[in-house]
>>> print(open('run.txt').read())   # compact mmCIF, C-alpha atoms
# COMPACT_ATOMS: atom_id res chain seq x y z
CA MET A 91 0.00 0.00 0.00
CA SER A 92 1.31 3.40 -0.95
CA PHE A 93 1.49 6.46 1.27
CA LEU A 94 -1.38 8.11 -0.58
CA GLU A 95 -3.62 5.04 -0.50
CA ILE A 96 -3.24 4.67 3.29
CA THR A 97 -3.87 8.40 3.72
CA ARG A 98 -6.99 8.12 1.59
CA SER A 99 -8.28 5.01 3.41
CA THR A 100 -7.71 6.61 6.82
CA LEU A 101 -9.37 9.86 5.74
CA ILE A 102 -12.43 8.01 4.40
CA LYS A 103 -12.58 5.97 7.60
CA ASP A 104 -12.45 9.15 9.73
CA ILE A 105 -15.15 10.88 7.68
CA ARG A 106 -17.31 7.76 7.97
CA LEU A 107 -16.83 7.65 11.75
CA GLU A 108 -17.65 11.36 12.07
CA TRP A 109 -20.68 11.02 9.80
CA ARG A 110 -22.03 8.25 12.04
CA SER A 111 -21.19 9.76 15.41
CA LYS A 112 -21.24 13.52 14.60
CA ASP A 113 -19.22 14.01 17.78
CA ALA A 114 -16.90 16.72 16.52
CA ILE A 115 -19.20 18.61 14.16
CA ASN A 116 -22.06 18.95 16.64
CA ALA A 117 -19.80 20.08 19.47
CA MET A 118 -18.00 22.59 17.22
CA LEU A 119 -21.22 24.00 15.78
CA PHE A 120 -22.89 24.57 19.12
CA PHE A 121 -19.76 26.09 20.58
CA ALA A 122 -19.23 28.46 17.65
CA LEU A 123 -22.91 29.39 17.60
CA LEU A 124 -22.75 30.28 21.30
CA VAL A 125 -19.70 32.45 20.72
CA VAL A 126 -21.39 34.34 17.86
CA VAL A 127 -24.55 34.95 19.86
CA ILE A 128 -22.75 35.94 23.08
CA PHE A 129 -20.39 38.30 21.25
CA SER A 130 -23.27 39.90 19.39
CA PHE A 131 -25.09 40.54 22.67
CA SER A 132 -21.93 41.77 24.40
CA PHE A 133 -20.98 44.30 21.70
CA ASP A 134 -23.24 46.46 19.62
CA PRO A 135 -20.77 47.83 17.10
CA ASP A 136 -21.55 50.08 14.15
CA ALA A 137 -20.55 48.90 10.64
CA GLU A 138 -17.14 50.58 10.78
CA GLU A 139 -16.25 49.12 14.18
CA SER A 140 -17.55 45.68 13.12
CA ARG A 141 -15.09 45.58 10.24
CA ARG A 142 -12.23 46.35 12.63
CA ILE A 143 -13.05 43.71 15.25
CA ALA A 144 -14.75 40.97 13.19
CA GLY A 145 -11.47 39.41 12.02
CA GLY A 146 -10.41 38.78 15.62
CA LEU A 147 -13.84 37.55 16.72
CA ILE A 148 -14.24 35.15 13.81
CA TRP A 149 -10.83 33.52 14.15
CA VAL A 150 -10.91 33.28 17.94
CA ALA A 151 -14.34 31.59 17.67
CA PHE A 152 -12.98 29.15 15.05
CA LEU A 153 -9.85 28.49 17.08
CA PHE A 154 -11.78 27.62 20.23
CA ALA A 155 -14.32 25.54 18.31
CA ALA A 156 -11.56 23.70 16.42
CA VAL A 157 -10.01 22.55 19.71
CA VAL A 158 -13.16 20.52 20.35
CA ALA A 159 -12.76 18.68 17.04
CA LEU A 160 -9.03 18.23 17.52
CA ASN A 161 -9.51 16.50 20.84
CA GLN A 162 -12.11 14.18 19.30
CA THR A 163 -9.80 13.17 16.45
CA TRP A 164 -7.46 11.17 18.63
CA ALA A 165 -9.89 10.32 21.42
CA ARG A 166 -11.67 7.87 19.11
CA GLU A 167 -8.35 6.18 18.37
CA LEU A 168 -7.84 5.55 22.08
CA ARG A 169 -11.17 3.75 22.52
CA ASN A 170 -10.61 -0.01 22.33
CA GLN A 171 -6.88 0.69 21.80
CA VAL A 172 -7.47 1.05 18.06
CA LEU A 173 -4.37 3.20 17.71
CA ASP A 174 -2.28 0.18 18.70
CA ALA A 175 -3.78 -1.73 15.76
CA TYR A 176 -2.29 0.95 13.50
CA ARG A 177 1.01 0.96 15.40
CA VAL A 178 1.51 -2.80 15.00
CA SER A 179 0.79 -2.63 11.28
CA PRO A 180 3.55 -2.04 8.70
CA ALA A 181 1.89 1.25 7.65
CA PRO A 182 4.12 4.31 8.08
CA ALA A 183 3.17 6.95 10.64
CA ASN A 184 2.75 9.98 8.41
CA PRO A 185 -0.30 8.85 6.37
CA LEU A 186 -2.19 8.60 9.67
CA PHE A 187 -1.17 12.12 10.64
CA LEU A 188 -1.88 13.58 7.23
CA ALA A 189 -5.31 11.91 7.08
CA LYS A 190 -6.18 13.23 10.54
CA ALA A 191 -5.06 16.75 9.58
CA LEU A 192 -7.04 16.61 6.31
CA GLY A 193 -10.10 15.29 8.17
CA ASN A 194 -9.89 18.12 10.68
CA PHE A 195 -9.40 20.58 7.83
CA ILE A 196 -12.63 19.35 6.24
CA PHE A 197 -14.58 19.46 9.52
CA VAL A 198 -13.36 22.95 10.47
CA SER A 199 -13.99 24.18 6.91
CA ILE A 200 -17.58 22.94 7.11
CA LEU A 201 -17.93 24.81 10.39
CA GLU A 202 -16.56 27.97 8.78
CA LEU A 203 -18.91 27.66 5.81
CA LEU A 204 -21.88 27.35 8.13
CA MET A 205 -20.82 30.05 10.60
CA THR A 206 -19.53 32.75 8.25
CA PRO A 207 -23.01 33.76 6.99
CA LEU A 208 -24.10 34.14 10.62
CA PHE A 209 -21.14 36.41 11.35
CA VAL A 210 -21.99 38.46 8.27
CA ILE A 211 -25.61 38.84 9.40
CA PHE A 212 -24.94 39.49 13.11
CA TYR A 213 -22.14 41.99 12.47
CA LYS A 214 -23.52 43.49 9.23
CA LEU A 215 -20.22 42.80 7.51
CA ARG A 216 -19.24 43.94 4.02
CA ALA A 217 -15.69 43.76 2.71
CA LEU A 218 -14.25 47.08 1.49
CA GLY A 219 -11.07 45.38 0.21
CA PRO A 220 -10.78 42.55 -2.37
CA ALA A 221 -13.20 39.94 -0.96
CA TRP A 222 -11.67 37.08 -2.98
CA GLU A 223 -8.61 37.30 -0.73
CA LEU A 224 -10.73 35.90 2.09
CA VAL A 225 -10.59 32.51 0.33
CA PRO A 226 -6.78 32.00 0.59
CA ILE A 227 -6.86 33.53 4.08
CA ALA A 228 -9.50 31.01 5.18
CA LEU A 229 -7.72 28.05 3.55
CA LEU A 230 -4.25 28.91 4.86
CA GLY A 231 -5.55 29.98 8.28
CA THR A 232 -7.59 26.83 8.73
CA TRP A 233 -4.66 24.64 7.70
CA ALA A 234 -2.44 26.51 10.20
CA LEU A 235 -4.93 25.72 12.97
CA VAL A 236 -5.43 22.06 12.14
CA ILE A 237 -1.87 21.04 11.32
CA ASN A 238 -0.50 22.13 14.68
CA GLY A 239 -3.73 21.20 16.42
CA THR A 240 -3.60 17.64 15.09
CA PHE A 241 0.05 17.34 16.08
CA PHE A 242 -0.34 18.71 19.60
CA ALA A 243 -3.54 16.73 20.14
CA ALA A 244 -1.48 13.62 19.41
CA ILE A 245 1.18 14.74 21.89
CA SER A 246 -1.39 15.43 24.62
CA LEU A 247 -3.16 12.13 23.86
CA ARG A 248 -1.54 10.18 26.67
CA THR A 249 -1.56 12.97 29.23
CA ARG A 250 -4.04 12.81 32.06
CA SER A 251 -5.83 16.10 31.35
CA ARG A 252 -5.52 16.24 27.58
CA GLU A 253 -8.49 18.61 27.09
CA ILE A 254 -6.60 21.28 29.02
CA MET A 255 -3.18 20.32 27.71
CA LEU A 256 -4.10 20.84 24.05
CA PRO A 257 -4.96 24.57 24.27
CA LEU A 258 -1.95 25.12 26.53
CA LEU A 259 0.34 23.70 23.85
CA LEU A 260 -1.54 24.89 20.79
CA PHE A 261 -2.45 28.51 21.50
CA PRO A 262 1.06 29.90 22.11
CA ILE A 263 2.49 28.27 19.00
CA SER A 264 -0.51 29.42 16.93
CA LEU A 265 0.01 33.09 17.83
CA PRO A 266 1.96 34.02 14.66
CA ALA A 267 -0.68 32.28 12.52
CA LEU A 268 -3.51 33.90 14.48
CA LEU A 269 -1.87 37.28 14.00
CA GLY A 270 -1.69 36.61 10.26
CA MET A 271 -5.32 35.44 10.00
CA VAL A 272 -6.74 38.33 12.04
CA ASN A 273 -4.70 41.05 10.36
CA ALA A 274 -5.30 39.66 6.87
CA THR A 275 -9.06 39.39 7.47
CA THR A 276 -9.22 42.88 8.99
CA ALA A 277 -7.20 44.28 6.06
CA VAL A 278 -9.71 42.82 3.58
CA LEU A 279 -12.76 43.91 5.58
CA THR A 280 -11.59 47.49 6.15
CA GLY A 281 -9.75 47.88 2.85
CA ASP A 282 -7.15 50.02 4.69
CA ALA A 283 -4.06 48.02 3.71
CA PRO A 284 -3.16 45.13 1.41
CA ALA A 285 -3.40 41.68 3.01
CA ARG A 286 -0.62 40.23 0.88
CA PHE A 287 2.08 40.31 3.57
CA TRP A 288 -0.14 38.48 6.06
CA ILE A 289 -1.15 35.89 3.45
CA ALA A 290 2.54 35.28 2.70
CA LEU A 291 3.20 34.95 6.44
CA LEU A 292 0.42 32.35 6.72
CA LEU A 293 1.79 30.45 3.74
CA ALA A 294 5.30 30.39 5.25
CA TYR A 295 3.90 29.33 8.62
CA ASP A 296 1.96 26.47 6.99
CA VAL A 297 4.97 25.23 5.04
CA VAL A 298 7.29 25.33 8.07
CA PHE A 299 4.90 23.66 10.50
CA THR A 300 3.58 21.06 8.06
CA THR A 301 7.17 19.99 7.36
CA ALA A 302 8.11 19.97 11.05
CA CYS A 303 4.99 18.01 12.07
CA LEU A 304 5.50 15.40 9.34
CA PHE A 305 9.14 15.10 10.35
CA LEU A 306 8.36 14.57 14.04
CA PHE A 307 5.09 12.64 14.03
CA GLU A 308 6.64 9.17 13.99
CA LEU A 309 8.37 9.96 17.29
CA VAL A 310 5.05 11.05 18.78
CA LEU A 311 3.24 7.94 17.56
CA GLU A 312 5.89 5.56 18.86
CA ALA A 313 6.14 7.27 22.25
CA GLU A 314 4.70 5.22 25.10
CA MET B 140 18.87 -1.55 8.13
CA PRO B 141 19.29 -4.51 10.52
CA GLU B 142 19.82 -7.94 9.04
CA ILE B 143 16.97 -10.40 9.15
CA ASP B 144 17.91 -14.02 9.81
CA SER B 145 15.15 -16.21 8.41
CA HIS B 146 16.37 -19.28 10.34
CA ALA B 147 16.38 -17.62 13.74
CA SER B 148 14.00 -18.50 16.54
CA ALA B 149 10.68 -16.68 16.60
CA VAL B 150 11.55 -14.59 19.64
CA THR B 151 14.82 -14.17 21.52
CA ALA B 152 14.94 -12.00 24.62
CA GLU B 153 18.18 -11.08 26.37
CA ASN B 154 17.92 -9.58 29.83
CA VAL B 155 14.84 -7.56 28.87
CA ILE B 156 13.83 -5.05 31.50
CA LYS B 157 10.78 -2.87 31.10
CA GLN B 158 10.16 -0.11 33.59
CA PHE B 159 7.20 2.22 33.93
CA GLY B 160 8.61 4.98 36.09
CA ARG B 161 10.01 3.18 39.13
CA PHE B 162 7.89 0.07 38.57
CA ALA B 163 9.60 -2.77 36.72
CA ALA B 164 7.01 -4.74 34.74
CA LEU B 165 9.65 -7.04 33.23
CA ARG B 166 12.72 -7.85 35.33
CA GLY B 167 15.46 -9.28 33.18
CA ILE B 168 13.77 -11.77 30.88
CA THR B 169 16.17 -13.99 28.98
CA ALA B 170 14.49 -16.62 26.86
CA GLU B 171 14.39 -18.15 23.41
CA PHE B 172 11.19 -19.31 21.75
CA ALA B 173 11.41 -21.60 18.75
CA ALA B 174 9.27 -21.00 15.69
CA GLY B 175 6.19 -23.04 14.85
CA LYS B 176 5.02 -23.63 18.41
CA MET B 177 2.14 -22.55 20.58
CA TYR B 178 3.21 -20.95 23.87
CA VAL B 179 0.63 -20.36 26.55
CA VAL B 180 1.72 -17.60 28.93
CA LEU B 181 0.33 -17.91 32.43
CA GLY B 182 0.59 -15.87 35.59
CA ASP B 183 -1.32 -13.78 38.06
CA ASN B 184 -2.49 -10.26 37.29
CA GLY B 185 0.54 -7.95 37.23
CA ALA B 186 2.97 -10.77 36.42
CA GLY B 187 4.06 -8.98 33.23
CA LYS B 188 2.30 -11.13 30.63
CA THR B 189 0.71 -8.26 28.71
CA THR B 190 3.90 -6.18 28.90
CA LEU B 191 5.87 -9.12 27.49
CA LEU B 192 3.43 -9.41 24.59
CA ARG B 193 3.47 -5.65 23.95
CA THR B 194 7.25 -5.65 24.00
CA ILE B 195 7.40 -8.49 21.48
CA ALA B 196 4.84 -6.64 19.32
CA GLY B 197 6.97 -3.48 19.41
CA LEU B 198 4.31 -1.48 21.22
CA ALA B 199 6.60 -1.08 24.21
CA GLN B 200 10.35 -0.57 24.02
CA PRO B 201 12.54 -2.43 26.51
CA THR B 202 14.16 -0.10 29.04
CA ARG B 203 17.22 -2.36 28.90
CA GLY B 204 18.14 -5.54 27.08
CA THR B 205 17.40 -6.61 23.55
CA ILE B 206 14.58 -8.49 21.94
CA SER B 207 14.80 -10.10 18.54
CA VAL B 208 11.58 -10.95 16.73
CA LEU B 209 11.52 -13.16 13.63
CA GLY B 210 15.26 -12.66 13.32
CA SER B 211 15.22 -8.87 13.49
CA THR B 212 16.07 -6.58 16.39
CA SER B 213 14.12 -3.80 14.72
CA ILE B 214 10.43 -4.57 14.89
CA LYS B 215 9.76 -2.06 12.09
CA PHE B 216 11.04 -4.52 9.50
CA VAL B 217 8.93 -7.49 10.60
CA ARG B 218 5.63 -5.80 11.47
CA ALA B 219 3.92 -7.15 8.37
CA ARG B 220 4.60 -10.68 9.68
CA ILE B 221 3.12 -10.17 13.15
CA GLY B 222 -0.48 -10.32 14.35
CA TYR B 223 -1.49 -8.85 17.69
CA MET B 224 -4.75 -9.11 19.57
CA ALA B 225 -5.05 -7.06 22.75
CA HIS B 226 -7.50 -7.37 25.60
CA PRO B 227 -9.66 -4.53 24.19
CA SER B 228 -11.07 -5.22 20.73
CA MET B 229 -8.83 -2.80 18.73
CA LEU B 230 -11.84 -2.21 16.48
CA TYR B 231 -13.94 0.86 15.71
CA ASP B 232 -17.33 0.53 17.39
CA GLU B 233 -19.01 2.77 14.78
CA MET B 234 -18.09 0.52 11.84
CA THR B 235 -19.22 -2.96 10.82
CA GLY B 236 -16.85 -5.88 11.15
CA MET B 237 -16.16 -5.97 7.41
CA GLU B 238 -15.56 -2.20 7.28
CA ASN B 239 -13.08 -2.55 10.14
CA LEU B 240 -11.22 -5.41 8.51
CA ARG B 241 -11.21 -3.76 5.10
CA TYR B 242 -9.55 -0.69 6.65
CA PHE B 243 -6.95 -2.66 8.59
CA GLY B 244 -6.45 -4.94 5.59
CA ARG B 245 -5.42 -1.92 3.52
CA LEU B 246 -2.68 -1.13 6.04
CA TYR B 247 -1.22 -4.58 5.30
CA GLY B 248 -2.05 -4.58 1.60
CA VAL B 249 -4.57 -7.40 2.15
CA SER B 250 -7.48 -7.78 -0.30
CA SER B 251 -11.16 -7.64 0.63
CA ALA B 252 -11.47 -11.34 -0.24
CA ASN B 253 -8.86 -12.20 2.39
CA CYS B 254 -10.70 -10.02 4.92
CA ARG B 255 -13.88 -12.00 4.22
CA ASN B 256 -11.98 -15.25 4.70
CA ALA B 257 -10.57 -14.03 8.01
CA ILE B 258 -14.09 -13.24 9.23
CA LEU B 259 -15.42 -16.59 8.00
CA SER B 260 -12.57 -18.43 9.75
CA VAL B 261 -13.76 -17.10 13.12
CA LYS B 262 -17.32 -18.23 12.26
CA LEU B 263 -18.79 -14.77 11.79
CA ASP B 264 -20.74 -13.39 8.85
CA PRO B 265 -18.78 -10.85 6.76
CA ASP B 266 -22.06 -9.45 5.41
CA LEU B 267 -23.49 -8.80 8.86
CA ASP B 268 -24.78 -5.23 8.68
CA ARG B 269 -24.31 -4.48 12.33
CA LEU B 270 -21.85 -2.07 13.94
CA VAL B 271 -19.16 -3.64 16.11
CA GLY B 272 -20.43 -1.52 19.02
CA GLN B 273 -23.63 -3.58 18.87
CA TYR B 274 -21.82 -6.94 18.91
CA SER B 275 -21.90 -9.23 21.91
CA GLN B 276 -18.59 -9.49 23.78
CA GLY B 277 -17.96 -12.92 22.30
CA MET B 278 -18.53 -11.70 18.73
CA ARG B 279 -16.23 -8.78 19.38
CA GLN B 280 -13.48 -11.12 20.58
CA ARG B 281 -13.84 -13.27 17.49
CA MET B 282 -13.80 -10.25 15.18
CA SER B 283 -10.73 -9.03 17.04
CA LEU B 284 -9.07 -12.38 16.35
CA ALA B 285 -10.05 -12.05 12.68
CA ARG B 286 -8.31 -8.66 12.59
CA ALA B 287 -5.18 -10.16 14.15
CA ILE B 288 -4.95 -12.99 11.60
CA LEU B 289 -5.96 -11.14 8.44
CA ASN B 290 -2.34 -10.75 7.28
CA ASP B 291 -1.67 -14.48 7.87
CA PRO B 292 1.05 -13.62 10.42
CA GLU B 293 4.06 -15.81 11.16
CA LEU B 294 3.94 -14.71 14.78
CA LEU B 295 0.57 -14.31 16.46
CA LEU B 296 0.35 -12.63 19.87
CA LEU B 297 -2.97 -13.03 21.64
CA ASP B 298 -3.84 -11.37 24.93
CA GLU B 299 -6.82 -13.02 26.63
CA PRO B 300 -8.52 -14.21 23.43
CA PHE B 301 -11.11 -16.27 25.35
CA SER B 302 -12.24 -13.71 27.91
CA ASN B 303 -16.03 -13.32 27.94
CA VAL B 304 -16.39 -15.94 25.22
CA ASP B 305 -18.80 -18.82 25.79
CA PHE B 306 -17.32 -22.30 26.10
CA ARG B 307 -18.35 -23.51 22.64
CA SER B 308 -16.98 -20.43 20.89
CA ALA B 309 -13.78 -20.64 22.93
CA ARG B 310 -13.37 -24.26 21.80
CA GLU B 311 -13.87 -23.18 18.18
CA MET B 312 -11.32 -20.40 18.61
CA SER B 313 -8.77 -22.74 20.16
CA GLY B 314 -9.35 -25.15 17.23
CA LEU B 315 -8.55 -22.30 14.85
CA LEU B 316 -5.37 -21.51 16.80
CA VAL B 317 -4.27 -25.13 16.47
CA GLN B 318 -4.80 -24.96 12.70
CA ILE B 319 -2.69 -21.80 12.57
CA ARG B 320 0.09 -23.43 14.61
CA ASP B 321 -0.05 -26.54 12.41
CA ARG B 322 0.65 -24.31 9.40
CA GLY B 323 4.02 -23.52 11.01
CA LYS B 324 3.14 -20.26 12.70
CA THR B 325 4.25 -19.28 16.20
CA LEU B 326 1.63 -18.33 18.76
CA PHE B 327 1.84 -16.68 22.16
CA VAL B 328 -1.44 -16.90 24.04
CA VAL B 329 -1.93 -15.10 27.33
CA THR B 330 -4.92 -16.61 29.06
CA HIS B 331 -6.48 -17.32 32.42
CA GLN B 332 -8.23 -20.36 30.90
CA PRO B 333 -5.25 -22.62 30.11
CA GLY B 334 -7.49 -25.68 30.23
CA LEU B 335 -8.78 -24.75 26.78
CA LEU B 336 -5.29 -25.22 25.35
CA GLU B 337 -3.99 -27.92 27.71
CA SER B 338 -3.97 -30.70 25.14
CA VAL B 339 -2.74 -28.63 22.20
CA ALA B 340 -0.15 -26.16 23.55
CA ASP B 341 3.52 -26.96 23.04
CA GLU B 342 4.72 -25.15 26.10
CA PHE B 343 3.36 -23.37 29.14
CA VAL B 344 5.35 -20.30 30.19
CA TYR B 345 4.88 -19.26 33.78
CA MET B 346 5.46 -15.67 34.82
CA GLU B 347 5.66 -14.07 38.21
CA SER B 348 6.61 -10.51 39.17
CA GLY B 349 8.02 -9.70 35.74
CA ARG B 350 10.10 -12.87 35.44
CA ILE B 351 9.68 -16.18 33.63
CA THR B 352 9.78 -18.64 36.50
CA ASP B 353 9.15 -21.88 34.63
CA ARG B 354 8.60 -23.36 31.20
CA SER B 355 6.95 -26.71 30.90
CA PRO B 356 5.32 -28.84 28.19
CA LYS B 357 2.65 -29.82 30.70
CA LEU B 358 0.14 -27.61 32.48
CA ARG B 359 0.85 -27.48 36.19
CA THR B 360 -1.99 -28.14 38.56
CA VAL B 361 -2.84 -25.44 41.08
CA ALA B 362 -1.15 -27.32 43.95
CA GLN B 363 2.14 -27.46 41.98
>>> encode(input="run.txt", output="structure tokens")
Amino acid sequence: MSFLEITRSTLIKDIRLEWRSKDAINAMLFFALLVVVIFSFSFDPDAEESRRIAGGLIWVAFLFAAVVALNQTWARELRNQVLDAYRVSPAPANPLFLAKALGNFIFVSILELLMTPLFVIFYKLRALGPAWELVPIALLGTWALVINGTFFAAISLRTRSREIMLPLLLFPISLPALLGMVNATTAVLTGDAPARFWIALLLAYDVVFTTACLFLFELVLEAE
Amino acid sequence: MPEIDSHASAVTAENVIKQFGRFAALRGITAEFAAGKMYVVLGDNGAGKTTLLRTIAGLAQPTRGTISVLGSTSIKFVRARIGYMAHPSMLYDEMTGMENLRYFGRLYGVSSANCRNAILSVKLDPDLDRLVGQYSQGMRQRMSLARAILNDPELLLLDEPFSNVDFRSAREMSGLLVQIRDRGKTLFVVTHQPGLLESVADEFVYMESGRITDRSPKLRTVAQ
């Protein structure tokens, strides 16, 4: 079996499991919905102010909601010691990691697709800059969240309080990416400055951390 | 890449010590196990039976000492030739038996037809449209055995394969294990029901406090 075939099989398996259990999607959706509603009640910004703060609100909501999905990803591998069935097989470690990261990317992207219209309605958002740039920002930003999130969720898998451990590990290392996502989104919404620098920063962040995570994941998987 | 000696014994352990923190689960195990035999590993809870199996399977690394499996000191190179069944099922509850085996089969490059045969060999129906989570404990154990044998392993490690299985099914499972051994494969069976294998096992391996205390072709009675 090739690297890509194992990645594909694991990804399909994860989507199937999520489709049947809906553990991650439901938890993420309710959490993100709560954040949108609570923020909208807490602030009553005008259109100008909305454009300035929406980038931060959106990405913080997605970051917190994504943590729920990231914890679920590996938790289901611990039930019945299924992860050991993968570890004793001749399959290399990285297809498992890549499939998990891709699965999380799909789940968080679905969340973003469902929640973005709500943000637009609640905060009366309209982009003054080039709106198409929101697409690469969303793709690169989401990948930045899930690649590190999947990796650190695997590290915190065997710790006693993994639900707390994951944000403690993930949030500090995600700060440069978060900065890029928020500033790029705000730049597009306000139209004040070009978002190109922040998009380039996100791209560089994704390349560096994807490489590092793929390089180190085997050590994490084999750790006892 | 370590050399693989095809004529070597199935498992050779030299002063293997496995520590979890300050607790030593294996305390200097030195033993050689010839290929093509069925070994039944016996001992009280905490004797180190499961740790020994996990160490042979490569799921736990010895703290000290070396272990050679199927002629290789690096388990990575012989994983495709090992089957491992743990006490938990190592199956996804939200998938059917066939879906589970098809997924794990892909990790070994095993065809769907072979997965069906593995399920049939444990007297289960590959077309059963029921999730593993809805199986009885006995069915789950048998499906778990099917997963362990789907790659036709040369070395089969079974941890409590008969627990929660009714007597008739346990007899059928032990019959299957005999067939596997008679095809020249090596089996290690950890069990608290040695009577099921009394007449067919080649050797009984007794463990106590992380050490192998005795090896005998005959099952000892309780008084002994």
>>> residues_around(input="run.txt", residues="range 319-334 of chain B", least_positions_apart="5", cutoff="9 Å", atoms="all atoms listed in the file", output="PDB file with C-alpha atoms, keeping the file's coordinate frame")
ATOM      1  CA  ALA B 149      10.680 -16.680  16.600  1.00  0.00           C
ATOM      2  CA  PHE B 172      11.190 -19.310  21.750  1.00  0.00           C
ATOM      3  CA  ALA B 173      11.410 -21.600  18.750  1.00  0.00           C
ATOM      4  CA  ALA B 174       9.270 -21.000  15.690  1.00  0.00           C
ATOM      5  CA  GLY B 175       6.190 -23.040  14.850  1.00  0.00           C
ATOM      6  CA  LYS B 176       5.020 -23.630  18.410  1.00  0.00           C
ATOM      7  CA  MET B 177       2.140 -22.550  20.580  1.00  0.00           C
ATOM      8  CA  TYR B 178       3.210 -20.950  23.870  1.00  0.00           C
ATOM      9  CA  VAL B 179       0.630 -20.360  26.550  1.00  0.00           C
ATOM     10  CA  VAL B 180       1.720 -17.600  28.930  1.00  0.00           C
ATOM     11  CA  LEU B 181       0.330 -17.910  32.430  1.00  0.00           C
ATOM     12  CA  GLY B 182       0.590 -15.870  35.590  1.00  0.00           C
ATOM     13  CA  ASP B 183      -1.320 -13.780  38.060  1.00  0.00           C
ATOM     14  CA  LYS B 188       2.300 -11.130  30.630  1.00  0.00           C
ATOM     15  CA  THR B 189       0.710  -8.260  28.710  1.00  0.00           C
ATOM     16  CA  LEU B 192       3.430  -9.410  24.590  1.00  0.00           C
ATOM     17  CA  ASP B 291      -1.670 -14.480   7.870  1.00  0.00           C
ATOM     18  CA  PRO B 292       1.050 -13.620  10.420  1.00  0.00           C
ATOM     19  CA  GLU B 293       4.060 -15.810  11.160  1.00  0.00           C
ATOM     20  CA  LEU B 294       3.940 -14.710  14.780  1.00  0.00           C
ATOM     21  CA  LEU B 295       0.570 -14.310  16.460  1.00  0.00           C
ATOM     22  CA  LEU B 296       0.350 -12.630  19.870  1.00  0.00           C
ATOM     23  CA  LEU B 297      -2.970 -13.030  21.640  1.00  0.00           C
ATOM     24  CA  ASP B 298      -3.840 -11.370  24.930  1.00  0.00           C
ATOM     25  CA  GLU B 299      -6.820 -13.020  26.630  1.00  0.00           C
ATOM     26  CA  PRO B 300      -8.520 -14.210  23.430  1.00  0.00           C
ATOM     27  CA  PHE B 301     -11.110 -16.270  25.350  1.00  0.00           C
ATOM     28  CA  SER B 302     -12.240 -13.710  27.910  1.00  0.00           C
ATOM     29  CA  GLY B 314      -9.350 -25.150  17.230  1.00  0.00           C
ATOM     30  CA  PHE B 343       3.360 -23.370  29.140  1.00  0.00           C
ATOM     31  CA  LEU B 358       0.140 -27.610  32.480  1.00  0.00           C
TER      32      LEU B 358
END
>>> atom_distance(input="run.txt", atom1="CA of Met312 in chain B", atom2="CA of Gln280 in chain B")
9.7 Å
>>> residues_around(input="run.txt", residues="range 257-264 of chain A", least_positions_apart="3", cutoff="8 Å", atoms="all atoms listed in the file", output="PyMOL selection string")
chain A and resi 157+234-235+238-239+242+253-254+267-268
>>> closest_residue(input="run.txt", among="A:Trp164, A:Phe154, A:Phe131, A:Phe212", to="Leu186 in chain A", atoms="only C-alpha atoms")
A:Trp164
>>> atom_distance(input="run.txt", atom1="CA of Ile227 in chain A", atom2="CA of Tyr295 in chain A")
12.4 Å
>>> closest_residue(input="run.txt", among="B:Met278, B:Leu267, B:Ala199, B:Ile221", to="Asn303 in chain B", atoms="all atoms listed in the file")
B:Met278
>>> closest_atom_pairs(input="run.txt", of="chain A", to="chain B", cutoff="10 Å", atoms="only C-alpha atoms", output="tab-separated table")
residue	atom	partner	partner_atom	distance
A:Met91	CA	B:Gly248	CA	5.3
A:Ser92	CA	B:Gly248	CA	9.0
A:Phe93	CA	B:Leu246	CA	9.9
A:Glu95	CA	B:Arg245	CA	8.2
A:Ile96	CA	B:Leu246	CA	6.4
A:Thr97	CA	B:Leu246	CA	9.9
A:Ser99	CA	B:Tyr242	CA	6.7
A:Thr100	CA	B:Tyr242	CA	7.5
A:Ile102	CA	B:Tyr242	CA	9.4
A:Lys103	CA	B:Tyr242	CA	7.4
A:Arg106	CA	B:Met234	CA	8.2
A:Leu107	CA	B:Glu233	CA	6.1
A:Glu108	CA	B:Glu233	CA	9.1
A:Trp109	CA	B:Glu233	CA	9.8
A:Arg110	CA	B:Glu233	CA	6.8
A:Ser111	CA	B:Glu233	CA	7.3
A:Arg166	CA	B:Tyr231	CA	8.1
A:Glu167	CA	B:Tyr231	CA	8.2
A:Leu168	CA	B:Met229	CA	9.1
A:Arg169	CA	B:Tyr231	CA	7.9
A:Asn170	CA	B:Met229	CA	4.9
A:Gln171	CA	B:Met229	CA	5.0
A:Val172	CA	B:Met229	CA	4.1
A:Leu173	CA	B:Met229	CA	7.5
A:Asp174	CA	B:Met229	CA	7.2
A:Ala175	CA	B:Met229	CA	6.0
A:Tyr176	CA	B:Phe243	CA	7.7
A:Arg177	CA	B:Leu198	CA	7.1
A:Val178	CA	B:Arg218	CA	6.2
A:Ser179	CA	B:Arg218	CA	5.8
A:Pro180	CA	B:Arg218	CA	5.1
A:Ala181	CA	B:Leu246	CA	5.4
A:Pro182	CA	B:Leu246	CA	8.9
A:Glu312	CA	B:Leu198	CA	7.6
A:Ala313	CA	B:Ala199	CA	8.6
A:Glu314	CA	B:Ala199	CA	6.6
>>> residues_around(input="run.txt", residues="range 282-290 of chain A", least_positions_apart="6", cutoff="12 Å", atoms="only C-alpha atoms", output="ChimeraX atom specification")
/A:138,141-142,217-231,234,266-276,296-297
>>> closest_residue(input="run.txt", among="B:Thr352, B:Thr235, B:Thr151, B:Thr190", to="Asp266 in chain B", atoms="all atoms listed in the file")
B:Thr235
>>> residues_near_point(input="run.txt", point="(1.0, -28.4, 31.9)", cutoff="9 Å", atoms="all atoms listed in the file", output="list of chain:residue names")
B:Pro333, B:Glu337, B:Ser338, B:Ala340, B:Glu342, B:Phe343, B:Ser355, B:Pro356, B:Lys357, B:Leu358, B:Arg359, B:Thr360
